[in-house]
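Below: protein.txt (compact mmCIF, C-alpha atoms and all ligand atoms)
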# COMPACT_ATOMS: atom_id res chain seq x y z
CA MET A 1 187.50 99.48 155.53
CA LYS A 2 184.72 100.64 157.81
CA LYS A 3 181.19 99.35 157.49
CA ILE A 4 178.39 101.84 156.85
CA THR A 5 174.68 101.78 157.55
CA LEU A 6 172.30 102.79 154.83
CA THR A 7 168.66 102.47 153.97
CA LEU A 8 167.54 101.12 150.62
CA LYS A 9 164.03 101.38 149.23
CA ILE A 10 163.35 98.23 147.25
CA ASN A 11 159.95 97.30 145.82
CA ASP A 12 158.27 99.84 148.14
CA GLU A 13 159.91 98.39 151.25
CA LYS A 14 162.70 99.92 153.29
CA TYR A 15 165.73 97.83 154.22
CA GLU A 16 168.40 98.93 156.66
CA ILE A 17 171.76 97.53 155.56
CA ILE A 18 175.09 97.40 157.36
CA THR A 19 177.78 96.73 154.80
CA TYR A 20 181.11 97.70 153.29
CA PRO A 21 180.69 100.64 150.91
CA ASN A 22 182.58 98.91 148.11
CA ARG A 23 179.93 96.24 147.58
CA THR A 24 177.66 96.30 144.56
CA LEU A 25 173.90 96.62 144.60
CA LEU A 26 173.77 93.18 142.97
CA GLU A 27 175.70 91.60 145.86
CA ILE A 28 173.42 93.22 148.41
CA LEU A 29 170.25 92.17 146.58
CA ARG A 30 171.27 88.56 146.09
CA ASP A 31 173.57 87.75 149.01
CA ASP A 32 172.19 89.90 151.82
CA LEU A 33 168.51 90.30 150.97
CA LEU A 34 168.02 87.01 149.10
CA LEU A 35 166.25 88.80 146.26
CA THR A 36 167.68 86.27 143.84
CA GLY A 37 165.42 87.14 140.92
CA THR A 38 168.17 89.56 139.91
CA LYS A 39 170.78 87.42 138.21
CA GLU A 40 174.53 87.62 137.93
CA SER A 41 175.92 86.44 134.64
CA CYS A 42 178.94 88.31 133.27
CA GLY A 43 179.46 90.45 136.39
CA GLU A 44 181.09 93.14 134.30
CA GLY A 45 178.35 95.16 132.64
CA ALA A 46 178.08 93.30 129.36
CA CYS A 47 174.93 91.17 129.51
CA GLY A 48 172.10 92.96 131.33
CA ALA A 49 171.15 89.91 133.41
CA CYS A 50 171.53 91.96 136.60
CA THR A 51 169.22 94.77 135.41
CA VAL A 52 167.06 96.46 138.03
CA LEU A 53 165.17 99.73 137.80
CA LEU A 54 166.60 102.72 139.61
CA ASP A 55 164.05 105.51 139.79
CA GLY A 56 162.31 103.75 136.91
CA LEU A 57 165.31 103.42 134.62
CA PRO A 58 167.20 100.20 133.87
CA VAL A 59 170.67 99.95 135.39
CA ARG A 60 173.21 97.16 135.66
CA SER A 61 173.34 96.35 139.35
CA CYS A 62 176.70 94.56 138.98
CA LEU A 63 178.31 97.90 138.12
CA LEU A 64 176.55 99.99 140.75
CA LEU A 65 177.97 100.47 144.22
CA VAL A 66 175.28 100.05 146.81
CA THR A 67 176.00 103.57 148.04
CA GLU A 68 174.93 104.91 144.63
CA ALA A 69 171.49 103.39 145.06
CA LYS A 70 170.85 105.19 148.32
CA ASP A 71 167.78 107.47 148.21
CA CYS A 72 166.57 105.85 144.97
CA GLU A 73 163.50 103.75 144.28
CA ILE A 74 164.82 100.32 143.38
CA THR A 75 162.58 97.85 141.56
CA THR A 76 163.58 94.23 141.12
CA ILE A 77 161.67 91.51 139.30
CA GLU A 78 160.14 90.52 142.66
CA GLY A 79 158.45 93.93 142.81
CA LEU A 80 156.60 93.81 139.51
CA ALA A 81 153.70 91.52 140.33
CA LYS A 82 151.14 92.82 142.78
CA GLY A 83 150.38 89.75 144.90
CA GLU A 84 148.96 87.14 142.54
CA LYS A 85 148.48 89.70 139.76
CA LEU A 86 151.31 89.67 137.29
CA ASP A 87 152.46 92.83 135.60
CA PRO A 88 151.08 93.12 132.03
CA VAL A 89 154.63 92.73 130.72
CA GLN A 90 154.96 89.41 132.54
CA GLU A 91 151.55 88.31 131.23
CA SER A 92 152.46 89.29 127.69
CA PHE A 93 155.79 87.44 127.88
CA ILE A 94 153.88 84.30 128.94
CA GLU A 95 151.17 84.74 126.26
CA HIS A 96 153.73 85.21 123.51
CA HIS A 97 156.08 82.43 124.64
CA ALA A 98 158.77 85.02 125.24
CA ILE A 99 159.93 83.64 128.59
CA GLN A 100 163.52 82.58 128.18
CA CYS A 101 165.83 81.30 130.89
CA GLY A 102 165.93 82.66 134.42
CA PHE A 103 169.12 84.54 133.65
CA CYS A 104 167.96 86.81 130.86
CA SER A 105 164.19 87.04 131.50
CA PRO A 106 164.14 89.24 134.63
CA GLY A 107 166.34 91.88 133.02
CA MET A 108 164.40 91.80 129.74
CA ILE A 109 161.09 92.18 131.55
CA LEU A 110 162.28 95.08 133.70
CA THR A 111 163.77 96.83 130.68
CA ALA A 112 160.48 96.39 128.81
CA ARG A 113 158.52 97.74 131.79
CA SER A 114 160.68 100.83 131.91
CA LEU A 115 160.38 101.37 128.14
CA LEU A 116 156.58 101.14 128.25
CA ASN A 117 156.38 103.44 131.27
CA HIS A 118 158.30 106.10 129.38
CA ASN A 119 156.96 105.36 125.91
CA PRO A 120 153.60 103.55 125.98
CA ALA A 121 153.54 102.94 122.23
CA PRO A 122 157.11 102.19 121.10
CA THR A 123 157.84 101.16 117.53
CA GLU A 124 159.57 97.86 116.79
CA GLU A 125 162.79 99.76 116.25
CA GLU A 126 162.45 101.49 119.62
CA ILE A 127 161.76 98.14 121.30
CA ARG A 128 164.79 96.52 119.70
CA PHE A 129 166.95 99.46 120.70
CA ALA A 130 165.65 99.41 124.31
CA ILE A 131 166.43 95.72 124.83
CA SER A 132 169.72 95.79 122.94
CA GLY A 133 171.67 95.79 126.21
CA ASN A 134 169.93 92.62 127.43
CA VAL A 135 171.74 89.70 125.94
CA CYS A 136 170.20 86.30 125.35
CA ARG A 137 172.58 83.94 123.67
CA CYS A 138 169.86 81.51 122.64
CA THR A 139 167.18 83.37 120.71
CA GLY A 140 166.45 85.66 117.85
CA TYR A 141 164.52 87.95 120.19
CA ALA A 142 161.44 87.66 117.94
CA LYS A 143 159.06 86.47 120.68
CA ILE A 144 160.33 89.04 123.13
CA VAL A 145 159.79 91.85 120.65
CA GLU A 146 156.31 90.46 119.86
CA ALA A 147 155.39 90.39 123.56
CA ILE A 148 156.39 94.01 124.05
CA GLN A 149 154.83 95.05 120.76
CA ALA A 150 151.49 93.55 121.83
CA LEU A 151 151.43 95.98 124.77
CA SER A 152 152.53 98.82 122.55
CA ASN A 153 149.64 98.14 120.18
CA ARG A 154 147.29 98.02 123.15
CA GLY A 155 148.52 101.48 124.09
CA ARG A 156 147.54 102.78 120.69
CA GLU A 157 143.95 101.44 120.75
S1 LIG B 201 175.82 90.56 135.29
FE1 LIG B 201 175.65 92.70 135.19
S2 LIG B 201 175.73 93.15 133.08
FE2 LIG B 201 176.12 91.03 133.18
S1 LIG B 202 170.33 83.61 127.86
FE1 LIG B 202 168.43 83.20 128.68
S2 LIG B 202 167.40 81.96 127.21
FE2 LIG B 202 169.24 82.63 126.29
As a first step, turn the structure in this file into structure tokens.
Ligand code: FES
Ligand code: FES
Amino acid sequence: MKKITLTLKINDEKYEIITYPNRTLLEILRDDLLLTGTKESCGEGACGACTVLLDGLPVRSCLLLVTEAKDCEITTIEGLAKGEKLDPVQESFIEHHAIQCGFCSPGMILTARSLLNHNPAPTEEEIRFAISGNVCRCTGYAKIVEAIQALSNRGRE
């Protein structure tokens, strides 16, 4: 197989990549670019640990060929904070003790960010539906829902 060259836009930065076209976005992020905030857990689309935003929408980077991400805006967990300033979703997760392990948290936070960008005042049901593809095997999700709900309520004030 022949290598290809492509440019990826990740967290507002451009990266020129030379790679085989059958590699996943997850492999490129973690192995080539060392953006290891994106986690690999199941590797087959079931858990959401590898979630990144593609043009603002959550996708499973373990299922996406890197070539499919070309010309898209990719956001990883590393791109949410602006310098020292955390994203409000990150702050709310901390305030509400919703930070779980390093495997499920990045995907949960990115999914929540995308939800709030598209629906600034989601109901509890909408929140639960939005994060239903992000699996945490250890929690009842209550704190995570609370953290997102706090921002939703803020949006309604
Ligand atoms: S690692 Fe991609 S969905 Fe589980
Ligand atoms: S899988 Fe991350 S805390 Fe449960």
* **Nearest-residue call for A:Ser41, choices A:Ile131, A:Leu80, A:Leu116, A:Cys62, using all atoms listed in the file** => A:Cys62
* To do: Find the residues near A:Tyr15: any atom within 12 Å, counting all atoms listed in the file, skip ones fewer than 3 places away on the same chain, and give them as JSON, numbers by chain.
  => {"A": [5, 6, 7, 8, 9, 10, 11, 12, 18, 28, 29, 32, 33, 70, 71, 73, 74]}
Atoms kept (C-alpha atoms) for selection, written as a PDB file, in the frame of the given file:
ATOM      1  CA  THR A   5     174.680 101.780 157.550  1.00  0.00           C
ATOM      2  CA  LEU A   6     172.300 102.790 154.830  1.00  0.00           C
ATOM      3  CA  THR A   7     168.660 102.470 153.970  1.00  0.00           C
ATOM      4  CA  LEU A   8     167.540 101.120 150.620  1.00  0.00           C
ATOM      5  CA  LYS A   9     164.030 101.380 149.230  1.00  0.00           C
ATOM      6  CA  ILE A  10     163.350  98.230 147.250  1.00  0.00           C
ATOM      7  CA  ASN A  11     159.950  97.300 145.820  1.00  0.00           C
ATOM      8  CA  ASP A  12     158.270  99.840 148.140  1.00  0.00           C
ATOM      9  CA  ILE A  18     175.090  97.400 157.360  1.00  0.00           C
ATOM     10  CA  ILE A  28     173.420  93.220 148.410  1.00  0.00           C
ATOM     11  CA  LEU A  29     170.250  92.170 146.580  1.00  0.00           C
ATOM     12  CA  ASP A  32     172.190  89.900 151.820  1.00  0.00           C
ATOM     13  CA  LEU A  33     168.510  90.300 150.970  1.00  0.00           C
ATOM     14  CA  LYS A  70     170.850 105.190 148.320  1.00  0.00           C
ATOM     15  CA  ASP A  71     167.780 107.470 148.210  1.00  0.00           C
ATOM     16  CA  GLU A  73     163.500 103.750 144.280  1.00  0.00           C
ATOM     17  CA  ILE A  74     164.820 100.320 143.380  1.00  0.00           C
TER      18      ILE A  74
END
With a cut-off of 10 Å, could you pull out the residues of chain A touching ligand LIG 201 (chain B) and give me the nearest pair of atoms for each, distance in Å to one decimal, using all atoms listed in the file, ordered by chain and ascending number, as JSON lines?
{"residue": "A:Leu26", "atom": "CA", "partner": "B:LIG201", "partner_atom": "FE1", "distance": 8.0}
{"residue": "A:Thr38", "atom": "CA", "partner": "B:LIG201", "partner_atom": "S1", "distance": 9.0}
{"residue": "A:Lys39", "atom": "CA", "partner": "B:LIG201", "partner_atom": "S1", "distance": 6.6}
{"residue": "A:Glu40", "atom": "CA", "partner": "B:LIG201", "partner_atom": "S1", "distance": 4.2}
{"residue": "A:Ser41", "atom": "CA", "partner": "B:LIG201", "partner_atom": "S1", "distance": 4.2}
{"residue": "A:Cys42", "atom": "CA", "partner": "B:LIG201", "partner_atom": "FE2", "distance": 3.9}
{"residue": "A:Gly43", "atom": "CA", "partner": "B:LIG201", "partner_atom": "S1", "distance": 3.8}
{"residue": "A:Glu44", "atom": "CA", "partner": "B:LIG201", "partner_atom": "S2", "distance": 5.5}
{"residue": "A:Gly45", "atom": "CA", "partner": "B:LIG201", "partner_atom": "S2", "distance": 3.3}
{"residue": "A:Ala46", "atom": "CA", "partner": "B:LIG201", "partner_atom": "S2", "distance": 4.4}
{"residue": "A:Cys47", "atom": "CA", "partner": "B:LIG201", "partner_atom": "FE2", "distance": 3.9}
{"residue": "A:Gly48", "atom": "CA", "partner": "B:LIG201", "partner_atom": "S2", "distance": 4.0}
{"residue": "A:Ala49", "atom": "CA", "partner": "B:LIG201", "partner_atom": "S1", "distance": 5.1}
{"residue": "A:Cys50", "atom": "CA", "partner": "B:LIG201", "partner_atom": "FE1", "distance": 4.4}
{"residue": "A:Thr51", "atom": "CA", "partner": "B:LIG201", "partner_atom": "FE1", "distance": 6.8}
{"residue": "A:Val52", "atom": "CA", "partner": "B:LIG201", "partner_atom": "FE1", "distance": 9.8}
{"residue": "A:Val59", "atom": "CA", "partner": "B:LIG201", "partner_atom": "S2", "distance": 8.8}
{"residue": "A:Arg60", "atom": "CA", "partner": "B:LIG201", "partner_atom": "FE1", "distance": 5.1}
{"residue": "A:Ser61", "atom": "CA", "partner": "B:LIG201", "partner_atom": "FE1", "distance": 6.0}
{"residue": "A:Cys62", "atom": "CA", "partner": "B:LIG201", "partner_atom": "FE1", "distance": 4.4}
{"residue": "A:Leu63", "atom": "CA", "partner": "B:LIG201", "partner_atom": "FE1", "distance": 6.5}
{"residue": "A:Leu64", "atom": "CA", "partner": "B:LIG201", "partner_atom": "FE1", "distance": 9.2}
{"residue": "A:Phe103", "atom": "CA", "partner": "B:LIG201", "partner_atom": "S1", "distance": 9.2}
{"residue": "A:Cys104", "atom": "CA", "partner": "B:LIG201", "partner_atom": "FE2", "distance": 9.5}
{"residue": "A:Gly107", "atom": "CA", "partner": "B:LIG201", "partner_atom": "S2", "distance": 9.5}
{"residue": "A:Gly133", "atom": "CA", "partner": "B:LIG201", "partner_atom": "S2", "distance": 8.4}
{"residue": "A:Asn134", "atom": "CA", "partner": "B:LIG201", "partner_atom": "S2", "distance": 8.1}
{"residue": "A:Val135", "atom": "CA", "partner": "B:LIG201", "partner_atom": "FE2", "distance": 8.6}
* Show which residues sit within 10 Å of A:Lys3, as JSON, numbers by chain. Count all atoms listed in the file, and ignore same-chain residues fewer than 4 positions away. => {"A": [17, 18, 19, 20, 21, 22]}
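Proximity to A:Glu16 was assessed for A:Ile4, A:Leu34, A:Ile109, A:Leu54 counting only C-alpha atoms; the smallest distance is recorded for A:Ile4.
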Write out, as a tab-separated table, each residue of chain A that has an atom at most 8 Å from ligand LIG 202 (chain B), together with the closest pair of atoms and their distance in Å to one decimal, counting all atoms listed in the file, rows going by chain and rising number.
residue	atom	partner	partner_atom	distance
A:Ile99	CA	B:LIG202	S2	7.8
A:Gln100	CA	B:LIG202	S2	4.0
A:Cys101	CA	B:LIG202	FE1	3.9
A:Gly102	CA	B:LIG202	FE1	6.3
A:Phe103	CA	B:LIG202	FE1	5.2
A:Cys104	CA	B:LIG202	FE1	4.2
A:Ser105	CA	B:LIG202	FE1	6.4
A:Val135	CA	B:LIG202	S1	6.5
A:Cys136	CA	B:LIG202	S1	3.7
A:Arg137	CA	B:LIG202	FE2	4.4
A:Cys138	CA	B:LIG202	FE2	3.9
A:Thr139	CA	B:LIG202	FE2	6.0
* Record the distance separating atom CA of A:His97 and atom CA of A:Ala81, expressed in Å with one decimal. => 18.3 Å
* So which one's closest to A:Leu35, A:Gly83, A:Pro88, A:Pro106, A:Gly140? Using all atoms listed in the file, please. -> A:Pro106
* Asked: Skipping near chain neighbours, those fewer than 4 positions away, what residues fall within 9 Å of A:Ala142 using all atoms listed in the file, listed as a PyMOL selection string?
  -> chain A and resi 98+146-147
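From atom CA of A:Val145 back to atom CA of A:Gly37, the distance works out to 21.6 Å.
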* Would you list the residues near (156.3, 96.3, 121.2) (no more than 10 Å away, in the coordinates of the file, using all atoms listed in the file) as a VMD selection string? => chain A and resid 112 115 to 116 120 to 128 144 to 155
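Taking atom CA of A:Glu84 as the reference point, atom CA of A:Asp31 is found at 25.5 Å.
The nearest approach to A:Phe129 among the residues A:Thr111, A:Glu13, A:Val66, A:Arg23, with only C-alpha atoms taken into account, belongs to A:Thr111.
Across A:Ala130, A:Lys143, A:Leu65, A:Gly56, the tightest approach to A:Ile94 is made by A:Lys143 when counting only C-alpha atoms.
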